[in-house]
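Chemist: structure-v5.txt is reproduced in full below (compact mmCIF, C-alpha atoms).
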```
# COMPACT_ATOMS: atom_id res chain seq x y z
CA MET A 662 -27.54 -20.77 26.61
CA MET A 663 -25.53 -18.23 24.62
CA THR A 664 -21.81 -18.51 25.24
CA GLY A 665 -18.86 -16.49 23.97
CA ILE A 666 -19.39 -13.41 21.86
CA HIS A 667 -21.82 -13.06 18.98
CA ALA A 668 -21.61 -10.10 16.65
CA THR A 669 -23.45 -8.62 13.70
CA PHE A 670 -21.78 -6.34 11.20
CA LEU A 671 -24.26 -3.46 11.04
CA GLY A 672 -22.06 -1.76 8.45
CA THR A 673 -18.80 -2.53 6.68
CA GLY A 674 -18.29 0.52 4.47
CA THR A 675 -16.01 3.50 4.42
CA SER A 676 -17.04 7.06 5.26
CA MET A 677 -18.94 7.63 1.99
CA GLY A 678 -20.60 4.22 1.99
CA VAL A 679 -21.04 2.02 -1.07
CA PRO A 680 -22.47 2.80 -3.56
CA VAL A 681 -20.89 6.25 -3.53
CA ILE A 682 -23.06 9.18 -4.58
CA GLY A 683 -22.61 9.91 -8.28
CA CYS A 684 -20.34 6.92 -8.96
CA ASP A 685 -21.01 4.29 -11.62
CA CYS A 686 -17.95 2.10 -11.09
CA GLU A 687 -18.42 -1.67 -11.26
CA VAL A 688 -18.71 -2.00 -7.48
CA CYS A 689 -21.19 0.84 -7.06
CA VAL A 690 -23.47 -0.64 -9.74
CA SER A 691 -22.93 -4.24 -8.62
CA GLU A 692 -26.06 -6.32 -7.99
CA ASP A 693 -24.26 -8.41 -5.35
CA PRO A 694 -25.83 -7.34 -2.00
CA ARG A 695 -22.43 -7.84 -0.35
CA ASP A 696 -21.19 -4.82 -2.33
CA LYS A 697 -23.78 -2.57 -0.64
CA ARG A 698 -21.97 -1.16 2.39
CA THR A 699 -23.31 1.20 5.03
CA ARG A 700 -20.94 2.96 7.42
CA SER A 701 -18.95 0.66 9.71
CA SER A 702 -20.47 -0.47 13.01
CA LEU A 703 -20.60 -3.69 15.03
CA TYR A 704 -23.38 -4.99 17.31
CA ILE A 705 -22.16 -7.38 20.01
CA GLN A 706 -24.18 -9.77 22.15
CA THR A 707 -23.21 -11.98 25.07
CA ARG A 708 -25.45 -14.00 27.38
CA GLU A 709 -25.82 -11.01 29.72
CA ALA A 710 -25.40 -7.83 27.65
CA ALA A 711 -25.55 -6.20 24.22
CA TRP A 712 -23.71 -3.15 22.94
CA VAL A 713 -22.76 -1.39 19.73
CA ILE A 714 -19.40 -0.06 18.59
CA ASP A 715 -20.02 3.28 16.85
CA THR A 716 -23.29 4.79 15.64
CA GLY A 717 -22.73 6.13 12.14
CA PRO A 718 -25.16 8.03 9.90
CA ASP A 719 -26.84 4.75 8.87
CA PHE A 720 -27.47 3.55 12.43
CA ARG A 721 -31.28 3.79 12.34
CA THR A 722 -31.47 1.92 9.02
CA GLN A 723 -29.09 -0.74 10.32
CA CYS A 724 -31.14 -1.26 13.50
CA LEU A 725 -34.35 -1.63 11.51
CA ARG A 726 -32.72 -4.04 9.07
CA GLU A 727 -31.44 -6.27 11.89
CA GLY A 728 -34.50 -5.88 14.14
CA LEU A 729 -32.48 -4.58 17.09
CA LYS A 730 -34.53 -3.93 20.21
CA HIS A 731 -32.03 -4.09 23.05
CA LEU A 732 -28.90 -2.10 23.83
CA ASP A 733 -27.05 -1.93 27.15
CA ALA A 734 -24.18 0.37 26.13
CA VAL A 735 -22.45 2.21 23.30
CA VAL A 736 -18.70 2.16 22.69
CA TYR A 737 -17.00 4.70 20.41
CA THR A 738 -13.74 4.30 18.53
CA HIS A 739 -13.42 8.01 17.65
CA SER A 740 -15.50 11.02 16.70
CA HIS A 741 -15.29 11.16 12.91
CA THR A 742 -18.64 11.82 11.28
CA ASP A 743 -19.06 8.32 9.90
CA HIS A 744 -18.82 6.89 13.42
CA ILE A 745 -20.99 9.20 15.53
CA MET A 746 -23.75 10.87 13.51
CA GLY A 747 -26.39 8.27 14.38
CA PHE A 748 -26.08 9.25 18.05
CA ASP A 749 -29.54 10.83 18.18
CA ASP A 750 -31.12 7.51 17.18
CA LEU A 751 -30.12 6.21 20.61
CA ARG A 752 -33.25 8.01 21.79
CA ARG A 753 -35.39 5.00 20.94
CA PHE A 754 -33.18 2.63 22.93
CA CYS A 755 -33.40 4.92 25.96
CA THR A 756 -37.18 4.71 25.64
CA LEU A 757 -37.04 0.92 25.36
CA ARG A 758 -34.75 0.82 28.41
CA ASN A 759 -36.92 3.35 30.23
CA GLY A 760 -33.75 5.10 31.28
CA SER A 761 -30.27 6.24 30.39
CA ILE A 762 -27.56 4.39 28.47
CA PRO A 763 -23.81 4.22 29.22
CA ILE A 764 -21.58 5.83 26.58
CA TYR A 765 -17.91 4.73 26.54
CA ALA A 766 -15.27 6.83 24.75
CA ASN A 767 -11.86 8.35 25.32
CA ALA A 768 -11.69 11.91 26.63
CA GLU A 769 -11.26 13.55 23.22
CA THR A 770 -14.13 11.64 21.66
CA MET A 771 -16.38 12.28 24.65
CA ALA A 772 -15.66 16.00 24.43
CA ASP A 773 -16.61 15.98 20.75
CA LEU A 774 -19.83 14.07 21.49
CA GLN A 775 -20.73 16.57 24.19
CA ARG A 776 -20.06 19.47 21.82
CA VAL A 777 -21.89 18.08 18.78
CA PHE A 778 -24.80 16.66 20.74
CA ASP A 779 -24.97 19.29 23.48
CA PHE A 780 -28.75 18.86 23.75
CA ALA A 781 -28.25 15.33 25.08
CA PHE A 782 -25.61 16.21 27.68
CA ASN A 783 -26.58 19.67 28.94
CA GLY A 784 -29.21 18.44 31.40
CA LEU A 785 -32.06 20.43 29.85
CA ASN A 786 -33.76 17.47 28.17
CA ARG A 787 -33.64 14.77 30.83
CA PHE A 788 -36.99 13.19 30.11
CA PRO A 789 -38.35 10.28 28.03
CA GLY A 790 -38.02 10.73 24.30
CA TYR A 791 -34.49 12.15 24.38
CA VAL A 792 -31.08 10.53 24.48
CA LEU A 793 -30.11 10.06 28.11
CA PRO A 794 -26.37 9.35 28.02
CA GLU A 795 -24.25 8.26 30.95
CA PRO A 796 -20.76 9.34 29.81
CA VAL A 797 -17.90 7.05 30.85
CA VAL A 798 -14.43 8.27 29.87
CA VAL A 799 -12.23 5.34 28.90
CA ASN A 800 -8.70 5.48 30.32
CA GLY A 801 -8.06 1.76 30.35
CA ALA A 802 -9.82 -1.58 30.47
CA PHE A 803 -13.51 -1.63 31.42
CA ASN A 804 -16.28 -4.19 31.64
CA ILE A 805 -19.67 -4.56 30.03
CA GLY A 806 -21.29 -7.47 31.78
CA GLU A 807 -18.71 -10.23 32.06
CA THR A 808 -16.69 -9.02 29.06
CA GLU A 809 -13.46 -7.16 29.71
CA ILE A 810 -12.85 -4.58 26.98
CA ILE A 811 -9.31 -3.31 26.47
CA PRO A 812 -8.72 -0.21 24.31
CA LEU A 813 -6.11 -0.57 21.57
CA LYS A 814 -4.60 2.78 20.61
CA VAL A 815 -3.86 2.98 16.88
CA PRO A 816 -2.85 5.80 14.50
CA HIS A 817 -5.52 7.19 12.18
CA GLY A 818 -3.90 9.98 10.21
CA ARG A 819 -2.47 12.50 12.66
CA ALA A 820 -4.89 11.38 15.37
CA SER A 821 -4.93 8.33 17.60
CA VAL A 822 -8.14 6.35 17.90
CA PHE A 823 -9.26 3.20 19.67
CA GLY A 824 -9.79 -0.34 18.58
CA TYR A 825 -11.03 -2.76 21.24
CA LEU A 826 -9.98 -6.21 22.44
CA HIS A 827 -12.79 -8.22 24.05
CA MET A 828 -11.95 -10.88 26.63
CA ARG A 829 -14.06 -13.34 28.58
CA GLU A 830 -12.76 -15.67 31.27
CA GLY A 831 -9.23 -14.56 30.41
CA LYS A 832 -9.55 -15.55 26.75
CA LYS A 833 -8.96 -13.17 23.85
CA LEU A 834 -12.13 -13.56 21.82
CA LEU A 835 -12.58 -10.53 19.55
CA ALA A 836 -10.40 -7.63 18.44
CA TYR A 837 -12.17 -4.88 16.51
CA ILE A 838 -10.01 -2.26 14.78
CA SER A 839 -12.06 -0.45 12.15
CA ASP A 840 -9.86 2.61 11.47
CA ALA A 841 -6.08 2.39 11.54
CA ALA A 842 -3.20 3.53 9.36
CA SER A 843 -1.11 0.74 10.89
CA LEU A 844 -0.98 -1.51 13.94
CA PRO A 845 1.79 -0.63 16.41
CA ASP A 846 3.85 -3.46 17.87
CA GLU A 847 2.15 -3.13 21.25
CA VAL A 848 -1.25 -3.66 19.61
CA ILE A 849 0.06 -6.72 17.75
CA VAL A 850 1.27 -8.14 21.07
CA ALA A 851 -1.98 -7.31 22.90
CA ALA A 852 -4.14 -8.95 20.22
CA ALA A 853 -1.80 -11.88 19.45
CA GLY A 854 -3.64 -15.17 19.26
CA VAL A 855 -7.12 -13.65 19.46
CA ASP A 856 -9.87 -15.93 18.23
CA THR A 857 -11.45 -13.40 15.86
CA LEU A 858 -9.82 -10.30 14.37
CA VAL A 859 -11.85 -7.59 12.62
CA VAL A 860 -9.57 -5.11 10.91
CA ASP A 861 -9.57 -2.11 8.59
CA ALA A 862 -8.77 -3.00 4.95
CA LEU A 863 -9.90 0.02 2.97
CA ARG A 864 -8.70 -0.77 -0.55
CA TYR A 865 -5.80 -2.13 -2.64
CA ARG A 866 -3.93 1.17 -2.98
CA LYS A 867 -2.15 2.72 0.00
CA HIS A 868 -4.00 5.36 2.00
CA PRO A 869 -2.66 7.87 4.56
CA THR A 870 -5.17 7.06 7.32
CA HIS A 871 -6.27 3.45 6.69
CA MET A 872 -4.56 0.13 6.13
CA ASN A 873 -4.88 -1.25 2.64
CA ILE A 874 -5.49 -4.93 1.94
CA ASP A 875 -1.80 -5.86 1.89
CA ALA A 876 -1.20 -4.13 5.24
CA ALA A 877 -4.25 -5.80 6.75
CA LEU A 878 -3.06 -9.21 5.56
CA GLU A 879 0.36 -8.53 7.08
CA ALA A 880 -1.22 -7.50 10.40
CA ALA A 881 -3.35 -10.64 10.45
CA ALA A 882 -0.30 -12.80 9.77
CA ARG A 883 1.45 -11.26 12.78
CA ILE A 884 -1.55 -11.54 15.13
CA ARG A 885 -2.39 -15.09 14.00
CA PRO A 886 -6.11 -15.20 14.85
CA ARG A 887 -8.32 -18.18 14.11
CA VAL A 888 -10.17 -16.05 11.57
CA THR A 889 -9.86 -12.50 10.26
CA TYR A 890 -12.64 -10.31 8.89
CA PHE A 891 -11.91 -7.24 6.77
CA THR A 892 -14.14 -4.19 7.23
CA HIS A 893 -14.30 -0.46 6.37
CA LEU A 894 -14.17 -1.34 2.66
CA CYS A 895 -14.49 1.22 -0.13
CA ASP A 896 -15.85 0.93 -3.66
CA GLU A 897 -12.53 -0.27 -5.05
CA VAL A 898 -13.15 -3.66 -3.44
CA MET A 899 -15.55 -6.01 -5.22
CA HIS A 900 -16.60 -8.63 -2.71
CA ALA A 901 -16.64 -11.81 -4.82
CA ARG A 902 -13.45 -11.08 -6.75
CA THR A 903 -11.45 -9.93 -3.72
CA GLN A 904 -12.67 -12.80 -1.54
CA ALA A 905 -11.42 -15.27 -4.13
CA GLU A 906 -7.91 -13.83 -3.67
CA MET A 907 -7.86 -14.20 0.12
CA PRO A 908 -6.34 -16.97 2.26
CA PRO A 909 -8.92 -19.42 3.65
CA ASP A 910 -8.88 -17.83 7.12
CA VAL A 911 -9.52 -14.29 5.84
CA VAL A 912 -13.09 -13.22 5.10
CA LEU A 913 -14.44 -9.99 3.69
CA ALA A 914 -17.22 -8.88 6.02
CA HIS A 915 -20.49 -7.63 4.60
CA ASP A 916 -23.47 -5.81 6.06
CA GLY A 917 -25.63 -8.17 8.10
CA LEU A 918 -22.95 -10.85 8.48
CA LYS A 919 -23.24 -12.65 11.83
CA ILE A 920 -20.21 -14.20 13.50
CA SER A 921 -19.30 -15.94 16.76
CA ALA A 922 -16.07 -15.83 18.74
CA GLY A 923 -15.21 -18.32 21.45
```
Translate the structure of the given file into structure tokens.

Modeler:
Amino acid sequence: MMTGIHATFLGTGTSMGVPVIGCDCEVCVSEDPRDKRTRSSLYIQTREAAWVIDTGPDFRTQCLREGLKHLDAVVYTHSHTDHIMGFDDLRRFCTLRNGSIPIYANAETMADLQRVFDFAFNGLNRFPGYVLPEPVVVNGAFNIGETEIIPLKVPHGRASVFGYLHMREGKKLLAYISDAASLPDEVIVAAAGVDTLVVDALRYRKHPTHMNIDAALEAAARIRPRVTYFTHLCDEVMHARTQAEMPPDVVLAHDGLKISAG
């Protein structure tokens, strides 16, 4: 029987994906499949439920690649384009469920979803073949199945967005923070000792809205997880070369990578 949390990296790339349109840098032309990065998203499975964190523009392609057929809920970190524009592809999962699907997001993100995808929320298309969302505004911890999910508020430019800590039976199993300029002390404390940390590590150079590799390494050293995975990587990061520079408990994620926590 499945225990703990099992996750698949649907995408591990930044907002433009890798390769970047019109770019012929060494990463964009690399033949290593780990250097091909669709927009960041994570599919999570437990013994009783399955959900996805964010549905970016590549969501349909990611689902087909991984053969996904079941989805119990969708959790959003924030409403930037690279995290929400696959929303309409939830239609197929509503058909497979023969019903609606819970959508978890903070109030600001939910308002943006309702504005951008008005057709799905306005009540005029409540029949099979359309997205049938059940909006759930996240103000604090919530549960999907037996997993307690705790929002972690982090800065992302001038905005604040959510990462999520996943707990089962009181154990910190997985923290997912895909977009963050830094990790506040309260987030470090909340995630401290988590089994598996997934964290934003955009590039080597500093960036105003994302952590770079040095900042991500520092955050991991403070949280002290069993293992850390870097995600939301841009085309300045060549997988093989960068991985060779990492400590043994730090792994660069890649599209399709499957991991277990707990």

Chemist: Find the nearest atom pair between each residue of stretch 677-767 of chain A and stretch 775-797 of chain A for residues within 10 Å, count all atoms listed in the file, give distances in Å to one decimal, sort rows by chain and ascending number, and present the table as a Markdown table.

Modeler:
```
| residue | atom | partner | partner_atom | distance |
| --- | --- | --- | --- | --- |
| A:Ala734 | CA | A:Glu795 | CA | 9.2 |
| A:Val735 | CA | A:Pro794 | CA | 9.4 |
| A:Val736 | CA | A:Val797 | CA | 9.5 |
| A:Ser740 | CA | A:Val777 | CA | 9.7 |
| A:Ile745 | CA | A:Val777 | CA | 9.5 |
| A:Met746 | CA | A:Val777 | CA | 9.1 |
| A:Phe748 | CA | A:Phe778 | CA | 8.0 |
| A:Asp749 | CA | A:Val792 | CA | 6.5 |
| A:Asp750 | CA | A:Val792 | CA | 7.9 |
| A:Leu751 | CA | A:Val792 | CA | 5.9 |
| A:Arg752 | CA | A:Val792 | CA | 4.3 |
| A:Arg753 | CA | A:Gly790 | CA | 7.1 |
| A:Phe754 | CA | A:Val792 | CA | 8.3 |
| A:Cys755 | CA | A:Val792 | CA | 6.2 |
| A:Thr756 | CA | A:Pro789 | CA | 6.2 |
| A:Leu757 | CA | A:Pro789 | CA | 9.8 |
| A:Asn759 | CA | A:Pro789 | CA | 7.4 |
| A:Gly760 | CA | A:Leu793 | CA | 6.9 |
| A:Ser761 | CA | A:Leu793 | CA | 4.5 |
| A:Ile762 | CA | A:Pro794 | CA | 5.1 |
| A:Pro763 | CA | A:Glu795 | CA | 4.4 |
| A:Ile764 | CA | A:Pro796 | CA | 4.8 |
| A:Tyr765 | CA | A:Val797 | CA | 4.9 |
| A:Ala766 | CA | A:Val797 | CA | 6.6 |
| A:Asn767 | CA | A:Val797 | CA | 8.3 |
```

Chemist: Neighbours of stretch 873-879 of chain A within 10 Å (only C-alpha atoms; same-chain residues fewer than 3 positions away dropped), as a short mmCIF file (atom, residue, chain, number, x, y, z; two decimals) with C-alpha atoms, keeping the file's coordinate frame?

Modeler:
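Saved to around-v9.cif:
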```
data_model
loop_
_atom_site.label_atom_id
_atom_site.label_comp_id
_atom_site.auth_asym_id
_atom_site.auth_seq_id
_atom_site.Cartn_x
_atom_site.Cartn_y
_atom_site.Cartn_z
CA ALA A 841 -6.08 2.39 11.54
CA ALA A 842 -3.20 3.53 9.36
CA SER A 843 -1.11 0.74 10.89
CA LEU A 844 -0.98 -1.51 13.94
CA VAL A 859 -11.85 -7.59 12.62
CA VAL A 860 -9.57 -5.11 10.91
CA ASP A 861 -9.57 -2.11 8.59
CA ALA A 862 -8.77 -3.00 4.95
CA LEU A 863 -9.90 0.02 2.97
CA ARG A 864 -8.70 -0.77 -0.55
CA TYR A 865 -5.80 -2.13 -2.64
CA ARG A 866 -3.93 1.17 -2.98
CA LYS A 867 -2.15 2.72 0.00
CA HIS A 868 -4.00 5.36 2.00
CA PRO A 869 -2.66 7.87 4.56
CA THR A 870 -5.17 7.06 7.32
CA ALA A 882 -0.30 -12.80 9.77
CA ARG A 883 1.45 -11.26 12.78
CA ILE A 884 -1.55 -11.54 15.13
CA ARG A 885 -2.39 -15.09 14.00
CA THR A 889 -9.86 -12.50 10.26
CA TYR A 890 -12.64 -10.31 8.89
CA PHE A 891 -11.91 -7.24 6.77
CA LEU A 894 -14.17 -1.34 2.66
CA VAL A 898 -13.15 -3.66 -3.44
CA THR A 903 -11.45 -9.93 -3.72
CA MET A 907 -7.86 -14.20 0.12
CA PRO A 908 -6.34 -16.97 2.26
CA VAL A 911 -9.52 -14.29 5.84
#
```

Chemist: Counting only C-alpha atoms, write as a list in words all protein and nucleic acid residues lying at most 6 Å from (-15.3, -0.5, 10.1) in the file's frame.

Modeler: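 Residues with an atom at most 6 Å from (-15.3, -0.5, 10.1): Thr673, Ser701, Ser702, Ser839, Thr892 and His893 of chain A.
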
Chemist: Between A:Arg758, A:His817, A:His900, A:Arg708, single out the one closest to A:Asp916, counting only C-alpha atoms.

Modeler: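 For A:Asp916, the nearest of the given residues is A:His900.
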
Chemist: What's the 12 Å shell around stretch 852-856 of chain A, counting all atoms listed in the file, without same-chain residues fewer than 2 positions away, as an MDAnalysis selection string?

Modeler: chainID A and resid 665:666 810:814 824:829 831:838 844:850 858:860 880:890 910 920:923

Chemist: What does the structure give for the distance between atom CA of A:Cys895 and atom CA of A:Thr675, in Å to one decimal?

Modeler: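 Computed distance, atom CA of A:Cys895 to atom CA of A:Thr675, equals 5.3 Å.
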
Chemist: Output as AutoDock Vina command-line options the centre and edge lengths (Å, one decimal) of the box along x, y and z of the file that holds every listed atom of stretch 766-772 of chain A after adding 8 Å on each side.

Modeler:
```
--center_x -13.8 --center_y 11.4 --center_z 24.1 --size_x 21.1 --size_y 25.2 --size_z 21.0
```

Chemist: Considering all atoms listed in the file, can you say which of A:Thr716, A:Glu807, A:Gln904, A:Phe823 comes closest to A:Leu774?

Modeler: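 Of all the options, A:Thr716 lies closest to A:Leu774.
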
Chemist: A:Ser691, A:Thr857, A:Thr664, A:Thr770: which is nearest A:Asp715, counting all atoms listed in the file?

Modeler: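 The shortest atom-to-atom distance to A:Asp715 comes from A:Thr770.
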
Chemist: How many Å separate atom CA of A:Gly917 from atom CA of A:Phe720?

Modeler: 12.6 Å

Chemist: So how many Å separate atom CA of A:Gly717 and atom CA of A:Glu687, to one decimal?

Modeler: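 The value is 25.0 Å.
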
Chemist: Could you complete stretch 802-828 of chain A so that it carries N, CA, C and O atoms, and give it back as a CSV table (one decimal), in the frame of the given file?

Modeler:
```
chain,number,residue,atom,x,y,z
A,802,ALA,N,-8.9,-0.5,30.6
A,802,ALA,CA,-9.8,-1.6,30.5
A,802,ALA,C,-11.1,-1.3,31.3
A,802,ALA,O,-11.1,-0.7,32.3
A,803,PHE,N,-12.2,-1.7,30.7
A,803,PHE,CA,-13.5,-1.6,31.4
A,803,PHE,C,-14.3,-2.9,31.1
A,803,PHE,O,-14.0,-3.7,30.3
A,804,ASN,N,-15.4,-3.0,31.8
A,804,ASN,CA,-16.3,-4.2,31.6
A,804,ASN,C,-17.7,-3.8,31.2
A,804,ASN,O,-18.2,-2.8,31.7
A,805,ILE,N,-18.2,-4.6,30.3
A,805,ILE,CA,-19.7,-4.6,30.0
A,805,ILE,C,-20.1,-6.0,30.3
A,805,ILE,O,-19.8,-6.9,29.6
A,806,GLY,N,-20.9,-6.1,31.3
A,806,GLY,CA,-21.3,-7.5,31.8
A,806,GLY,C,-20.0,-8.2,32.2
A,806,GLY,O,-19.2,-7.7,32.9
A,807,GLU,N,-19.9,-9.4,31.7
A,807,GLU,CA,-18.7,-10.2,32.1
A,807,GLU,C,-17.6,-10.1,31.0
A,807,GLU,O,-16.6,-10.9,31.1
A,808,THR,N,-17.7,-9.2,30.1
A,808,THR,CA,-16.7,-9.0,29.1
A,808,THR,C,-15.7,-7.9,29.4
A,808,THR,O,-16.2,-6.8,29.7
A,809,GLU,N,-14.5,-8.2,29.5
A,809,GLU,CA,-13.5,-7.2,29.7
A,809,GLU,C,-13.1,-6.6,28.4
A,809,GLU,O,-12.8,-7.3,27.4
A,810,ILE,N,-13.1,-5.3,28.2
A,810,ILE,CA,-12.8,-4.6,27.0
A,810,ILE,C,-11.6,-3.7,27.2
A,810,ILE,O,-11.6,-2.8,28.0
A,811,ILE,N,-10.6,-4.0,26.3
A,811,ILE,CA,-9.3,-3.3,26.5
A,811,ILE,C,-9.1,-2.4,25.3
A,811,ILE,O,-9.1,-2.9,24.1
A,812,PRO,N,-9.0,-1.1,25.5
A,812,PRO,CA,-8.7,-0.2,24.3
A,812,PRO,C,-7.4,-0.5,23.7
A,812,PRO,O,-6.4,-0.7,24.4
A,813,LEU,N,-7.3,-0.4,22.4
A,813,LEU,CA,-6.1,-0.6,21.6
A,813,LEU,C,-5.9,0.7,20.8
A,813,LEU,O,-6.6,1.1,19.9
A,814,LYS,N,-4.9,1.5,21.2
A,814,LYS,CA,-4.6,2.8,20.6
A,814,LYS,C,-3.9,2.6,19.3
A,814,LYS,O,-2.8,2.0,19.2
A,815,VAL,N,-4.5,3.1,18.2
A,815,VAL,CA,-3.9,3.0,16.9
A,815,VAL,C,-3.8,4.3,16.2
A,815,VAL,O,-4.7,5.2,16.4
A,816,PRO,N,-2.9,4.5,15.2
A,816,PRO,CA,-2.8,5.8,14.5
A,816,PRO,C,-3.9,5.8,13.4
A,816,PRO,O,-4.1,4.8,12.7
A,817,HIS,N,-4.5,7.0,13.2
A,817,HIS,CA,-5.5,7.2,12.2
A,817,HIS,C,-5.3,8.6,11.6
A,817,HIS,O,-5.8,9.6,12.1
A,818,GLY,N,-4.4,8.7,10.6
A,818,GLY,CA,-3.9,10.0,10.2
A,818,GLY,C,-3.0,10.6,11.3
A,818,GLY,O,-2.2,9.9,11.9
A,819,ARG,N,-3.2,11.8,11.6
A,819,ARG,CA,-2.5,12.5,12.7
A,819,ARG,C,-3.0,12.2,14.0
A,819,ARG,O,-2.4,12.5,15.1
A,820,ALA,N,-4.2,11.7,14.1
A,820,ALA,CA,-4.9,11.4,15.4
A,820,ALA,C,-4.6,9.9,15.8
A,820,ALA,O,-4.2,9.1,15.0
A,821,SER,N,-4.9,9.7,17.1
A,821,SER,CA,-4.9,8.3,17.6
A,821,SER,C,-6.4,8.0,18.0
A,821,SER,O,-7.1,8.8,18.6
A,822,VAL,N,-6.8,6.8,17.6
A,822,VAL,CA,-8.1,6.4,17.9
A,822,VAL,C,-8.1,5.0,18.6
A,822,VAL,O,-7.0,4.4,18.7
A,823,PHE,N,-9.2,4.5,19.0
A,823,PHE,CA,-9.3,3.2,19.7
A,823,PHE,C,-9.8,2.1,18.8
A,823,PHE,O,-10.8,2.3,18.1
A,824,GLY,N,-9.2,0.9,18.9
A,824,GLY,CA,-9.8,-0.3,18.6
A,824,GLY,C,-10.1,-1.0,19.9
A,824,GLY,O,-9.7,-0.4,21.0
A,825,TYR,N,-10.7,-2.1,20.0
A,825,TYR,CA,-11.0,-2.8,21.2
A,825,TYR,C,-10.8,-4.3,21.2
A,825,TYR,O,-11.2,-4.9,20.3
A,826,LEU,N,-10.1,-4.8,22.2
A,826,LEU,CA,-10.0,-6.2,22.4
A,826,LEU,C,-11.0,-6.7,23.5
A,826,LEU,O,-11.1,-6.1,24.6
A,827,HIS,N,-11.8,-7.7,23.2
A,827,HIS,CA,-12.8,-8.2,24.0
A,827,HIS,C,-12.3,-9.6,24.6
A,827,HIS,O,-12.0,-10.5,23.9
A,828,MET,N,-12.4,-9.7,25.9
A,828,MET,CA,-12.0,-10.9,26.6
A,828,MET,C,-13.0,-11.4,27.6
A,828,MET,O,-13.7,-10.6,28.2
```
